[in-house]
Number of protein chains: 2
Amino acid sequence: MVKRNAIFYNFSNNYLFDELQKIKENFIKKYPHKQLIDLSIGDTSQPLSKNIINAIQNSSIKQGKLETYSGYGPVSGQLSLRQKIVKYFYSKTNIHPDDIFISDGAKPAFDRLHRFFGSNISVSLPDPAYPAYKDICIANGVSSITLLPCSEKYDFFPDIEAIPRTDIIHLCSPNNPTGTVVTRKYLQQLVNTALKNQSIIIFDAVYSAFITSSTFPRSIFEIPGAEKCAIEVNSLSKSAGFSGLRLGWIVISDKLCYDNQETIKSNWKRLNSSIFNGASSIIQNAAEAALTNEKYDLNETIKVYKNNALMLKKTLLEQGITTYGGEQSPYLWIKLKGLTSKEAFNYFLNEFNILTSPGSGFGPSGEGYLRLSGLASQASILSSIERINRLTA
Amino acid sequence: MVKRNAIFYNFSNNYLFDELQKIKENFIKKYPHKQLIDLSIGDTSQPLSKNIINAIQNSSIKQGKLETYSGYGPVSGQLSLRQKIVKYFYSKTNIHPDDIFISDGAKPAFDRLHRFFGSNISVSLPDPAYPAYKDICIANGVSSITLLPCSEKYDFFPDIEAIPRTDIIHLCSPNNPTGTVVTRKYLQQLVNTALKNQSIIIFDAVYSAFITSSTFPRSIFEIPGAEKCAIEVNSLSKSAGFSGLRLGWIVISDKLCYDNQETIKSNWKRLNSSIFNGASSIIQNAAEAALTNEKYDLNETIKVYKNNALMLKKTLLEQGITTYGGEQSPYLWIKLKGLTSKEAFNYFLNEFNILTSPGSGFGPSGEGYLRLSGLASQASILSSIERINRLTA
């Protein structure tokens with residue numbers, strides 16, 4: 001019989017968010033009258049704007065006419081969308097539309113990227129981090145994975161002095177799960193290290209639109225030298241409510257080369273054509289709309305989530321709970337003194353009927369923490385605040 | 001610097017359909033007054049039905065309201081869609097909705113499947129075949145690829161007696177590129193061989209909706225024993241005009257096991273959660289609509305394409321050109337006596353200004369043939385017929 005792929009022996013039994021989903025379903029079944037509030041998974045709650053809906057409707061009408069029907073689009077995505085992405089996200093950089101590759105969201109983009117680099121590479125991952133990174137490395141047969149412990153000392157980012165040389169370094173800012181954000185100085189140091197070590201940084205910027213302070217870089221390409229050592233992944237899932245619609249992108253500059261000076265981009269294009277057929281045309285048109293009227297479509301939505309996170313943060317701090325993040329990010333990273341992640345998770349679940357993400361699910365250095373998401377509806381956040389306050393009143 | 005992934009040394013320089021796209025663009029630039037007709041890539045031309053458009057519009061309106069907005073859906077796809085797929089495509093089988101995994105089209109589904117099986121397997125591919133199969137095997141580091149030459153003798157399917165034992169066997173019926181279709185008897189023999197050899201058949205059924213004669217199986221799961229040795233991939237791209245919208249699926253039965261009796265499906269679910277985030281919710285709703293009113297949405301569209309293929313076939317046969325397929329499939333597979341694929345391709349391009357796919361692009365046994373697609377618009381097909389008739393009149 002066909003052999004079980006060796007990767008499966010390295011996977012944990014369950015993907016974190018699948019496990020949480022099961023706990024949620026069991027809780028609801030057991031306590032149907034308790035109104036469980038889900039602040040665990042980073043799923044969005046704000047509706048799409050009229051502008052985006054109109055774009056979807058107009059796009060579908062075009063698909064209904066012989067003269068305007070279109071089938072397969074360019075695998076890299078519509079040029080007009082790539083132009084809008086550059087205008088909105090990369091105006092402070094040298095990135096141009098040909099550097100943008102549209103994807104059906106960030107997770108599959110990370111996967112295709114690792115697919116691109118293959119198994120014969122070494123990878124550094126922050127610990128804690130988005131669990132899909134590690135799974136994707138394992139799924140791609142990468143055996144050399146180094147976890148970089150992140151603590152409060154460096155805002156839950158890796159200690160740059162302690163980073164060993166690896167082929168790939170993952171970094172996410174604003175960070176998932178800790179909600180903290182890297183400074184320009186930190187990111188410049190990381191870029192310098194990568195250039196010196198000839199490493200490639202895979203920079204996860206899916207929460208970049210939550211940065212409203214110009215102190216912090218929204219893209220790694222704002223940092224001099226990054227074009228030669230970084231790939232960025234971004235998405236409209238959190239910023240424009242596209243988590244169900246599926247739209248993300250990858251940024252690869254012409255300046256990113258193998259040592260023989262061949263561009264990584266040309267190889268990437270070749271692979272992408274063979275394993276992907278582009279993101280849905282209708283969703284690409286919706287994304288264009290989100291970025292045409294971005295002031296309303298992105299900023300108003302993000303304002304709700306940021307306000308959610310800030311309100312929740314205030315409450316937790318008032319209760320004496322150590323709380324990080326939640327300012328340039330929708331996530332809060334909290335520590336309940338003396339409790340393990342599991343104990344704290346159960347405490348929130350049983351005392352407040354609030355589902356959180358246990359920090360230990362993001363890596364061993366996440367032990368003792370919980371992640372709370374401000375991406376839930378304002379009503380859920382207000383109820384959460386009421387419950388937390390009621391109990392300790 | 002990071003090493004170039006070894007897979008790239010095994011890739012051909014360009015993906016076939018990218019090459020054809022370049023030839024097309026150059027031709028149009030050089031001869032802007034000649035109206036090039038594209039019968040090369042299997043892209044669709046028929047508009048979406050009102051029913052599908054309404055579903056997209058209603059779905060987008062729901063996404064615009066706080067009460068009905070939804071983010072991430074189940075990675076395997078909406079249950080209601082999986083139920084409709086079973087009803088329409090698998091009513092003659094034991095397949096149930098839990099066996100269906102929704103994907104963003106067939107190509108990425110094949111890729112994730114090979115991802116699942118990994119590099120340490122042996123694969124048999126028909127020759128000629130859809131070029132993505134080989135690319136995807138290469139992209140997954142599969143080094144043991146056996147090409148199974150297909151000739152007129154067995155309707156361009158592999159000679160079953162000559163198939164060596166490999167872990168995976170790919171088969172596509174109705175076939176791309178040859179437009180021929182397997183009989184029940186043939187498929188039963190293949191299933192028996194796979195069961196005996198403990199191989200897994202990856203059955204590409206993306207053209208199954210073009211089968212209107214009950215003589216031929218529309219799904220491999222209509223064949224006794226297939227549940228224990230087959231995985232099927234299908235899509236709405238060609239049958240309902242979803243090539244730009246992106247919607248496909250994979251079928252894996254509970255009866256498909258590793259030798260330790262662990263189901264392949266449980267492992268598949270684990271991987272899928274880590275590397276994929278589901279197909280777009282709005283497109284899934286559109287797919288449900290296509291399968292609710294399937295008589296109109298699928299059958300009427302397919303009728304146009306089948307009629308295209310038949311008209312074209314008649315013309316070619318009248319001109320004395322050897323022509324296969326085009327009856328239970330949108331594709332024609334033709335041979336111009338004494339010409340190589342490249343010569344025949346240039347002949348069609350220069351004499352008729354018709355872009356075709358050279359058979360040699362689908363594998364060495366495709367040499368001497370051309371693939372013509374009936375998925376173009378009826379107007380393009382009628383013009384093609386006129387041009388072919390005019391020249392030889």
# chains A, B, ... in the order shown; residues from 1 in each chain; ligands from 1

$ residues_around --residues "Gly320 in chain A" --least-positions-apart "6" --cutoff "12 Å" --atoms "only C-alpha atoms" --output "PDB file with C-alpha atoms, in the first residue's frame"
ATOM      1  CA  LYS A 313      -7.273  46.147  27.360  1.00  0.00           C
ATOM      2  CA  LYS A 314      -8.434  48.896  29.700  1.00  0.00           C
ATOM      3  CA  ILE A 334      -2.380  38.474  28.697  1.00  0.00           C
ATOM      4  CA  LYS A 335      -0.881  36.653  31.651  1.00  0.00           C
ATOM      5  CA  LEU A 336      -2.806  35.406  34.669  1.00  0.00           C
ATOM      6  CA  LYS A 337      -0.341  35.197  37.479  1.00  0.00           C
ATOM      7  CA  ILE A 388     -15.062  40.319  33.517  1.00  0.00           C
ATOM      8  CA  ASN A 389     -16.090  43.359  35.572  1.00  0.00           C
ATOM      9  CA  THR A 392     -14.473  40.833  40.185  1.00  0.00           C
TER      10      THR A 392
END

$ select_by_dssp --residues "range 249-378 of chain A" --states "strand (DSSP E or B)" --output "NGL selection string"
:A and (249-252 or 257 or 263 or 322-325 or 331-335 or 354-355 or 357-358 or 369-373)

$ write_last_selection --atoms "N, CA, C and O atoms" --output "compact mmCIF listing (two decimals), in the first residue's frame"
# COMPACT_ATOMS: atom_id res chain seq x y z
N TRP A 249 -1.79 38.51 -0.78
CA TRP A 249 -0.75 38.68 -1.80
C TRP A 249 0.63 38.45 -1.21
O TRP A 249 0.82 38.47 0.01
N ILE A 250 1.56 38.27 -2.12
CA ILE A 250 2.97 38.07 -1.79
C ILE A 250 3.74 39.17 -2.52
O ILE A 250 3.37 39.52 -3.65
N VAL A 251 4.76 39.71 -1.88
CA VAL A 251 5.60 40.72 -2.53
C VAL A 251 7.02 40.19 -2.66
O VAL A 251 7.64 39.81 -1.65
N ILE A 252 7.51 40.13 -3.89
CA ILE A 252 8.88 39.69 -4.16
C ILE A 252 9.52 40.70 -5.11
O ILE A 252 9.00 40.92 -6.21
N CYS A 257 17.67 37.74 -5.13
CA CYS A 257 18.32 36.83 -6.08
C CYS A 257 18.92 35.62 -5.39
O CYS A 257 19.23 35.64 -4.20
N THR A 263 16.99 35.87 -10.56
CA THR A 263 16.00 36.39 -9.61
C THR A 263 15.13 35.26 -9.08
O THR A 263 14.78 34.32 -9.79
N THR A 322 -1.90 41.46 33.65
CA THR A 322 -0.82 41.90 32.77
C THR A 322 -1.27 41.72 31.32
O THR A 322 -1.66 40.63 30.92
N THR A 323 -1.23 42.83 30.55
CA THR A 323 -1.78 42.80 29.19
C THR A 323 -0.84 43.51 28.22
O THR A 323 -0.42 44.63 28.47
N TYR A 324 -0.52 42.83 27.11
CA TYR A 324 0.33 43.42 26.07
C TYR A 324 -0.50 43.57 24.79
O TYR A 324 -1.54 42.95 24.62
N GLY A 325 0.05 44.34 23.85
CA GLY A 325 -0.56 44.47 22.52
C GLY A 325 -1.82 45.31 22.54
O GLY A 325 -2.02 46.14 23.44
N TYR A 331 -5.00 42.14 18.60
CA TYR A 331 -4.80 41.08 19.60
C TYR A 331 -4.26 41.60 20.93
O TYR A 331 -3.43 42.50 20.97
N LEU A 332 -4.73 40.95 21.99
CA LEU A 332 -4.21 41.18 23.34
C LEU A 332 -3.53 39.90 23.79
O LEU A 332 -3.99 38.79 23.49
N TRP A 333 -2.46 40.09 24.54
CA TRP A 333 -1.66 38.95 25.03
C TRP A 333 -1.58 39.12 26.53
O TRP A 333 -1.03 40.10 27.00
N ILE A 334 -2.24 38.23 27.25
CA ILE A 334 -2.38 38.47 28.70
C ILE A 334 -1.81 37.32 29.52
O ILE A 334 -1.67 36.20 29.03
N LYS A 335 -1.48 37.66 30.76
CA LYS A 335 -0.88 36.65 31.65
C LYS A 335 -1.64 36.67 32.97
O LYS A 335 -1.78 37.73 33.59
N ILE A 354 -16.00 32.81 28.17
CA ILE A 354 -15.28 33.44 27.05
C ILE A 354 -14.24 32.45 26.53
O ILE A 354 -13.42 31.94 27.31
N LEU A 355 -14.28 32.18 25.24
CA LEU A 355 -13.30 31.29 24.62
C LEU A 355 -12.10 32.13 24.20
O LEU A 355 -12.25 33.13 23.48
N SER A 357 -7.60 31.89 23.14
CA SER A 357 -6.59 30.97 22.60
C SER A 357 -5.48 30.81 23.63
O SER A 357 -4.87 31.80 24.03
N PRO A 358 -5.21 29.57 24.05
CA PRO A 358 -4.12 29.36 25.01
C PRO A 358 -2.78 29.70 24.36
O PRO A 358 -2.49 29.26 23.24
N TYR A 369 0.38 32.32 28.91
CA TYR A 369 -0.34 33.45 28.32
C TYR A 369 -1.66 32.99 27.68
O TYR A 369 -1.88 31.80 27.43
N LEU A 370 -2.49 33.99 27.39
CA LEU A 370 -3.70 33.79 26.57
C LEU A 370 -3.71 34.86 25.49
O LEU A 370 -3.28 35.99 25.73
N ARG A 371 -4.25 34.51 24.31
CA ARG A 371 -4.49 35.52 23.29
C ARG A 371 -5.98 35.81 23.23
O ARG A 371 -6.80 34.90 23.16
N LEU A 372 -6.33 37.11 23.26
CA LEU A 372 -7.73 37.53 23.09
C LEU A 372 -7.83 38.38 21.83
O LEU A 372 -6.97 39.23 21.58
N SER A 373 -8.88 38.15 21.06
CA SER A 373 -9.02 38.85 19.78
C SER A 373 -10.05 39.96 19.86
O SER A 373 -11.17 39.76 20.35

$ interface_residues --of "chain A" --to "chain B" --cutoff "6 Å" --atoms "only C-alpha atoms" --output "PyMOL selection string"
chain A and resi 1-2+5+43-44+47-48+53+57+60+63-66+69+71-72+108+111+117-118+132+135+167+198+243-246+259+274-276+280-281

$ write_last_selection --atoms "C-alpha atoms" --output "compact mmCIF listing (two decimals), in the first residue's frame"
# COMPACT_ATOMS: atom_id res chain seq x y z
CA MET A 1 0.00 0.00 0.00
CA VAL A 2 1.02 3.60 -0.46
CA ASN A 5 3.91 10.53 4.10
CA ASP A 43 -12.09 35.90 12.71
CA THR A 44 -13.72 39.12 11.58
CA PRO A 47 -19.84 43.56 7.50
CA LEU A 48 -18.53 44.46 4.06
CA ILE A 53 -20.83 44.78 -2.28
CA GLN A 57 -22.59 42.76 -7.86
CA SER A 60 -21.15 39.24 -11.31
CA GLN A 63 -19.91 37.54 -15.81
CA GLY A 64 -23.50 37.13 -16.94
CA LYS A 65 -22.99 38.70 -20.36
CA LEU A 66 -21.34 37.03 -23.33
CA TYR A 69 -17.67 37.22 -19.43
CA GLY A 71 -12.62 32.94 -17.55
CA TYR A 72 -9.10 32.32 -16.28
CA PRO A 108 -1.97 29.27 1.21
CA ASP A 111 2.43 27.38 1.98
CA PHE A 117 12.01 26.89 -1.10
CA GLY A 118 11.57 23.16 -0.56
CA ALA A 132 0.48 27.47 10.57
CA ASP A 135 2.82 23.14 10.22
CA ASP A 167 18.04 30.22 5.28
CA GLN A 198 22.36 35.81 3.35
CA SER A 243 -11.54 36.20 5.75
CA GLY A 244 -14.41 34.33 4.08
CA LEU A 245 -13.83 35.88 0.65
CA ARG A 246 -10.13 34.91 0.43
CA ASP A 259 23.77 33.70 -5.44
CA SER A 274 2.03 25.08 -12.34
CA ILE A 275 0.35 24.79 -8.96
CA PHE A 276 -2.12 27.70 -8.80
CA SER A 280 -11.34 34.39 -7.88
CA SER A 281 -11.88 37.24 -10.35

$ atom_distance --atom1 "CA of Val206 in chain B" --atom2 "CA of Glu327 in chain B"
15.4 Å

$ residues_around --residues "Thr146 in chain A" --least-positions-apart "4" --cutoff "7 Å" --atoms "only C-alpha atoms" --output "PyMOL selection string"
chain A and resi 123-125

$ select_by_dssp --residues "range 164-380 of chain A" --states "alpha helix (DSSP H)" --output "ChimeraX atom specification"
/A:184-197,237-240,264-275,281-292,294,301-318,341-352,378-380

$ write_last_selection --atoms "C-alpha atoms" --output "JSON list (two decimals), in the first residue's frame"
[["chain", "number", "residue", "atom", "x", "y", "z"],
["A", 184, "ARG", "CA", 11.94, 50.63, 12.53],
["A", 185, "LYS", "CA", 15.21, 50.23, 14.41],
["A", 186, "TYR", "CA", 14.51, 46.59, 15.22],
["A", 187, "LEU", "CA", 13.47, 45.78, 11.67],
["A", 188, "GLN", "CA", 16.56, 47.54, 10.27],
["A", 189, "GLN", "CA", 18.72, 45.41, 12.56],
["A", 190, "LEU", "CA", 16.96, 42.27, 11.37],
["A", 191, "VAL", "CA", 17.37, 43.26, 7.71],
["A", 192, "ASN", "CA", 21.08, 43.95, 8.31],
["A", 193, "THR", "CA", 21.45, 40.55, 9.97],
["A", 194, "ALA", "CA", 19.66, 38.83, 7.09],
["A", 195, "LEU", "CA", 21.84, 40.62, 4.53],
["A", 196, "LYS", "CA", 24.98, 39.66, 6.42],
["A", 197, "ASN", "CA", 23.84, 36.05, 6.86],
["A", 237, "SER", "CA", -8.84, 39.19, 5.62],
["A", 238, "LYS", "CA", -8.57, 41.22, 8.80],
["A", 239, "SER", "CA", -8.39, 44.74, 7.39],
["A", 240, "ALA", "CA", -11.33, 44.62, 4.99],
["A", 264, "ILE", "CA", 13.86, 34.45, -7.18],
["A", 265, "LYS", "CA", 10.85, 36.04, -8.85],
["A", 266, "SER", "CA", 11.36, 34.33, -12.21],
["A", 267, "ASN", "CA", 11.50, 30.93, -10.51],
["A", 268, "TRP", "CA", 8.49, 31.82, -8.38],
["A", 269, "LYS", "CA", 6.44, 32.69, -11.48],
["A", 270, "ARG", "CA", 7.28, 29.33, -13.03],
["A", 271, "LEU", "CA", 6.14, 27.41, -9.94],
["A", 272, "ASN", "CA", 3.06, 29.52, -9.38],
["A", 273, "SER", "CA", 1.79, 28.80, -12.93],
["A", 274, "SER", "CA", 2.03, 25.08, -12.34],
["A", 275, "ILE", "CA", 0.35, 24.79, -8.96],
["A", 281, "SER", "CA", -11.88, 37.24, -10.35],
["A", 282, "ILE", "CA", -14.98, 38.48, -8.53],
["A", 283, "ILE", "CA", -13.09, 38.63, -5.23],
["A", 284, "GLN", "CA", -10.24, 40.49, -6.92],
["A", 285, "ASN", "CA", -12.77, 43.06, -8.10],
["A", 286, "ALA", "CA", -14.10, 43.32, -4.55],
["A", 287, "ALA", "CA", -10.54, 43.90, -3.32],
["A", 288, "GLU", "CA", -10.08, 46.68, -5.86],
["A", 289, "ALA", "CA", -13.17, 48.36, -4.48],
["A", 290, "ALA", "CA", -11.87, 48.08, -0.91],
["A", 291, "LEU", "CA", -8.68, 49.81, -1.99],
["A", 292, "THR", "CA", -10.40, 52.48, -4.09],
["A", 294, "GLU", "CA", -9.90, 52.72, 1.35],
["A", 301, "THR", "CA", -13.58, 48.74, 9.91],
["A", 302, "ILE", "CA", -10.19, 48.79, 11.55],
["A", 303, "LYS", "CA", -11.30, 51.57, 13.88],
["A", 304, "VAL", "CA", -13.99, 49.27, 15.30],
["A", 305, "TYR", "CA", -11.53, 46.45, 15.95],
["A", 306, "LYS", "CA", -8.89, 48.73, 17.42],
["A", 307, "ASN", "CA", -11.48, 50.28, 19.70],
["A", 308, "ASN", "CA", -12.58, 46.79, 20.75],
["A", 309, "ALA", "CA", -9.02, 45.86, 21.66],
["A", 310, "LEU", "CA", -8.43, 49.10, 23.56],
["A", 311, "MET", "CA", -11.65, 48.82, 25.59],
["A", 312, "LEU", "CA", -10.84, 45.24, 26.49],
["A", 313, "LYS", "CA", -7.27, 46.15, 27.36],
["A", 314, "LYS", "CA", -8.43, 48.90, 29.70],
["A", 315, "THR", "CA", -10.75, 46.48, 31.53],
["A", 316, "LEU", "CA", -8.07, 43.82, 31.90],
["A", 317, "LEU", "CA", -5.51, 46.32, 33.17],
["A", 318, "GLU", "CA", -8.06, 47.65, 35.66],
["A", 341, "SER", "CA", -2.18, 28.67, 29.64],
["A", 342, "LYS", "CA", -4.55, 25.75, 30.05],
["A", 343, "GLU", "CA", -5.60, 26.84, 33.53],
["A", 344, "ALA", "CA", -6.11, 30.43, 32.39],
["A", 345, "PHE", "CA", -8.02, 29.19, 29.32],
["A", 346, "ASN", "CA", -10.34, 27.12, 31.54],
["A", 347, "TYR", "CA", -10.74, 30.03, 33.94],
["A", 348, "PHE", "CA", -11.94, 32.32, 31.16],
["A", 349, "LEU", "CA", -14.13, 29.60, 29.71],
["A", 350, "ASN", "CA", -15.78, 28.54, 32.95],
["A", 351, "GLU", "CA", -15.93, 31.83, 34.86],
["A", 352, "PHE", "CA", -16.67, 34.24, 32.01],
["A", 378, "GLN", "CA", -18.45, 45.25, 19.47],
["A", 379, "ALA", "CA", -21.41, 43.62, 21.22],
["A", 380, "SER", "CA", -19.28, 40.59, 22.11]]

$ residues_around --residues "range 208-213 of chain A" --least-positions-apart "3" --cutoff "6 Å" --atoms "only C-alpha atoms" --output "JSON, numbers by chain"
{"A": [205, 218, 328, 329]}

$ write_last_selection --atoms "N, CA, C and O atoms" --output "mmCIF file, in the first residue's frame"
data_model
loop_
_atom_site.group_PDB
_atom_site.id
_atom_site.type_symbol
_atom_site.label_atom_id
_atom_site.label_comp_id
_atom_site.auth_asym_id
_atom_site.auth_seq_id
_atom_site.Cartn_x
_atom_site.Cartn_y
_atom_site.Cartn_z
ATOM 1 N N ALA A 205 2.770 40.522 7.183
ATOM 2 C CA ALA A 205 2.259 41.870 7.438
ATOM 3 C C ALA A 205 0.737 41.899 7.392
ATOM 4 O O ALA A 205 0.129 42.932 7.116
ATOM 5 N N ARG A 218 4.941 49.784 8.316
ATOM 6 C CA ARG A 218 3.798 48.963 7.894
ATOM 7 C C ARG A 218 4.237 47.856 6.942
ATOM 8 O O ARG A 218 3.505 46.892 6.727
ATOM 9 N N GLN A 328 -1.570 48.697 18.224
ATOM 10 C CA GLN A 328 -1.421 48.717 16.755
ATOM 11 C C GLN A 328 -1.840 47.356 16.206
ATOM 12 O O GLN A 328 -1.354 46.928 15.155
ATOM 13 N N SER A 329 -2.735 46.689 16.886
ATOM 14 C CA SER A 329 -3.068 45.301 16.559
ATOM 15 C C SER A 329 -4.417 44.950 17.179
ATOM 16 O O SER A 329 -4.795 45.530 18.199
#

$ atom_distance --atom1 "CA of Thr183 in chain A" --atom2 "CA of Gly361 in chain A"
25.9 Å

$ atom_distance --atom1 "CA of Glu232 in chain A" --atom2 "CA of Ser144 in chain A"
21.8 Å

$ closest_residue --among "B:Tyr90, B:Phe101, B:Phe156, B:Tyr130" --to "Asp204 in chain B" --atoms "only C-alpha atoms"
B:Tyr130

$ decode --residues "range 184-199 of chain B" --atoms "N, CA and C atoms" --output "tab-separated table (two decimals), in the first residue's frame"
chain	number	residue	atom	x	y	z
B	184	ARG	N	-16.85	1.74	-18.93
B	184	ARG	CA	-16.95	1.10	-17.61
B	184	ARG	C	-16.01	-0.09	-17.49
B	185	LYS	N	-15.93	-0.86	-18.57
B	185	LYS	CA	-15.10	-2.06	-18.55
B	185	LYS	C	-13.63	-1.70	-18.31
B	186	TYR	N	-13.19	-0.67	-19.04
B	186	TYR	CA	-11.79	-0.24	-18.88
B	186	TYR	C	-11.54	0.22	-17.45
B	187	LEU	N	-12.46	1.05	-16.93
B	187	LEU	CA	-12.24	1.61	-15.60
B	187	LEU	C	-12.30	0.52	-14.53
B	188	GLN	N	-13.17	-0.49	-14.75
B	188	GLN	CA	-13.22	-1.61	-13.81
B	188	GLN	C	-11.89	-2.36	-13.81
B	189	GLN	N	-11.33	-2.55	-15.00
B	189	GLN	CA	-10.03	-3.23	-15.10
B	189	GLN	C	-8.95	-2.44	-14.37
B	190	LEU	N	-9.01	-1.11	-14.54
B	190	LEU	CA	-8.01	-0.27	-13.88
B	190	LEU	C	-8.16	-0.34	-12.36
B	191	VAL	N	-9.40	-0.29	-11.90
B	191	VAL	CA	-9.65	-0.39	-10.45
B	191	VAL	C	-9.15	-1.74	-9.93
B	192	ASN	N	-9.44	-2.80	-10.66
B	192	ASN	CA	-8.97	-4.13	-10.24
B	192	ASN	C	-7.45	-4.18	-10.15
B	193	THR	N	-6.82	-3.58	-11.14
B	193	THR	CA	-5.35	-3.55	-11.15
B	193	THR	C	-4.83	-2.76	-9.95
B	194	ALA	N	-5.46	-1.62	-9.68
B	194	ALA	CA	-5.03	-0.78	-8.55
B	194	ALA	C	-5.22	-1.53	-7.23
B	195	LEU	N	-6.34	-2.23	-7.10
B	195	LEU	CA	-6.59	-2.99	-5.88
B	195	LEU	C	-5.55	-4.08	-5.70
B	196	LYS	N	-5.25	-4.76	-6.80
B	196	LYS	CA	-4.26	-5.84	-6.76
B	196	LYS	C	-2.88	-5.28	-6.39
B	197	ASN	N	-2.54	-4.15	-7.04
B	197	ASN	CA	-1.20	-3.56	-6.84
B	197	ASN	C	-1.11	-2.68	-5.60
B	198	GLN	N	-2.24	-2.48	-4.92
B	198	GLN	CA	-2.30	-1.53	-3.80
B	198	GLN	C	-1.80	-0.15	-4.23
B	199	SER	N	-2.30	0.28	-5.35
B	199	SER	CA	-2.02	1.63	-5.85
B	199	SER	C	-3.23	2.51	-5.60
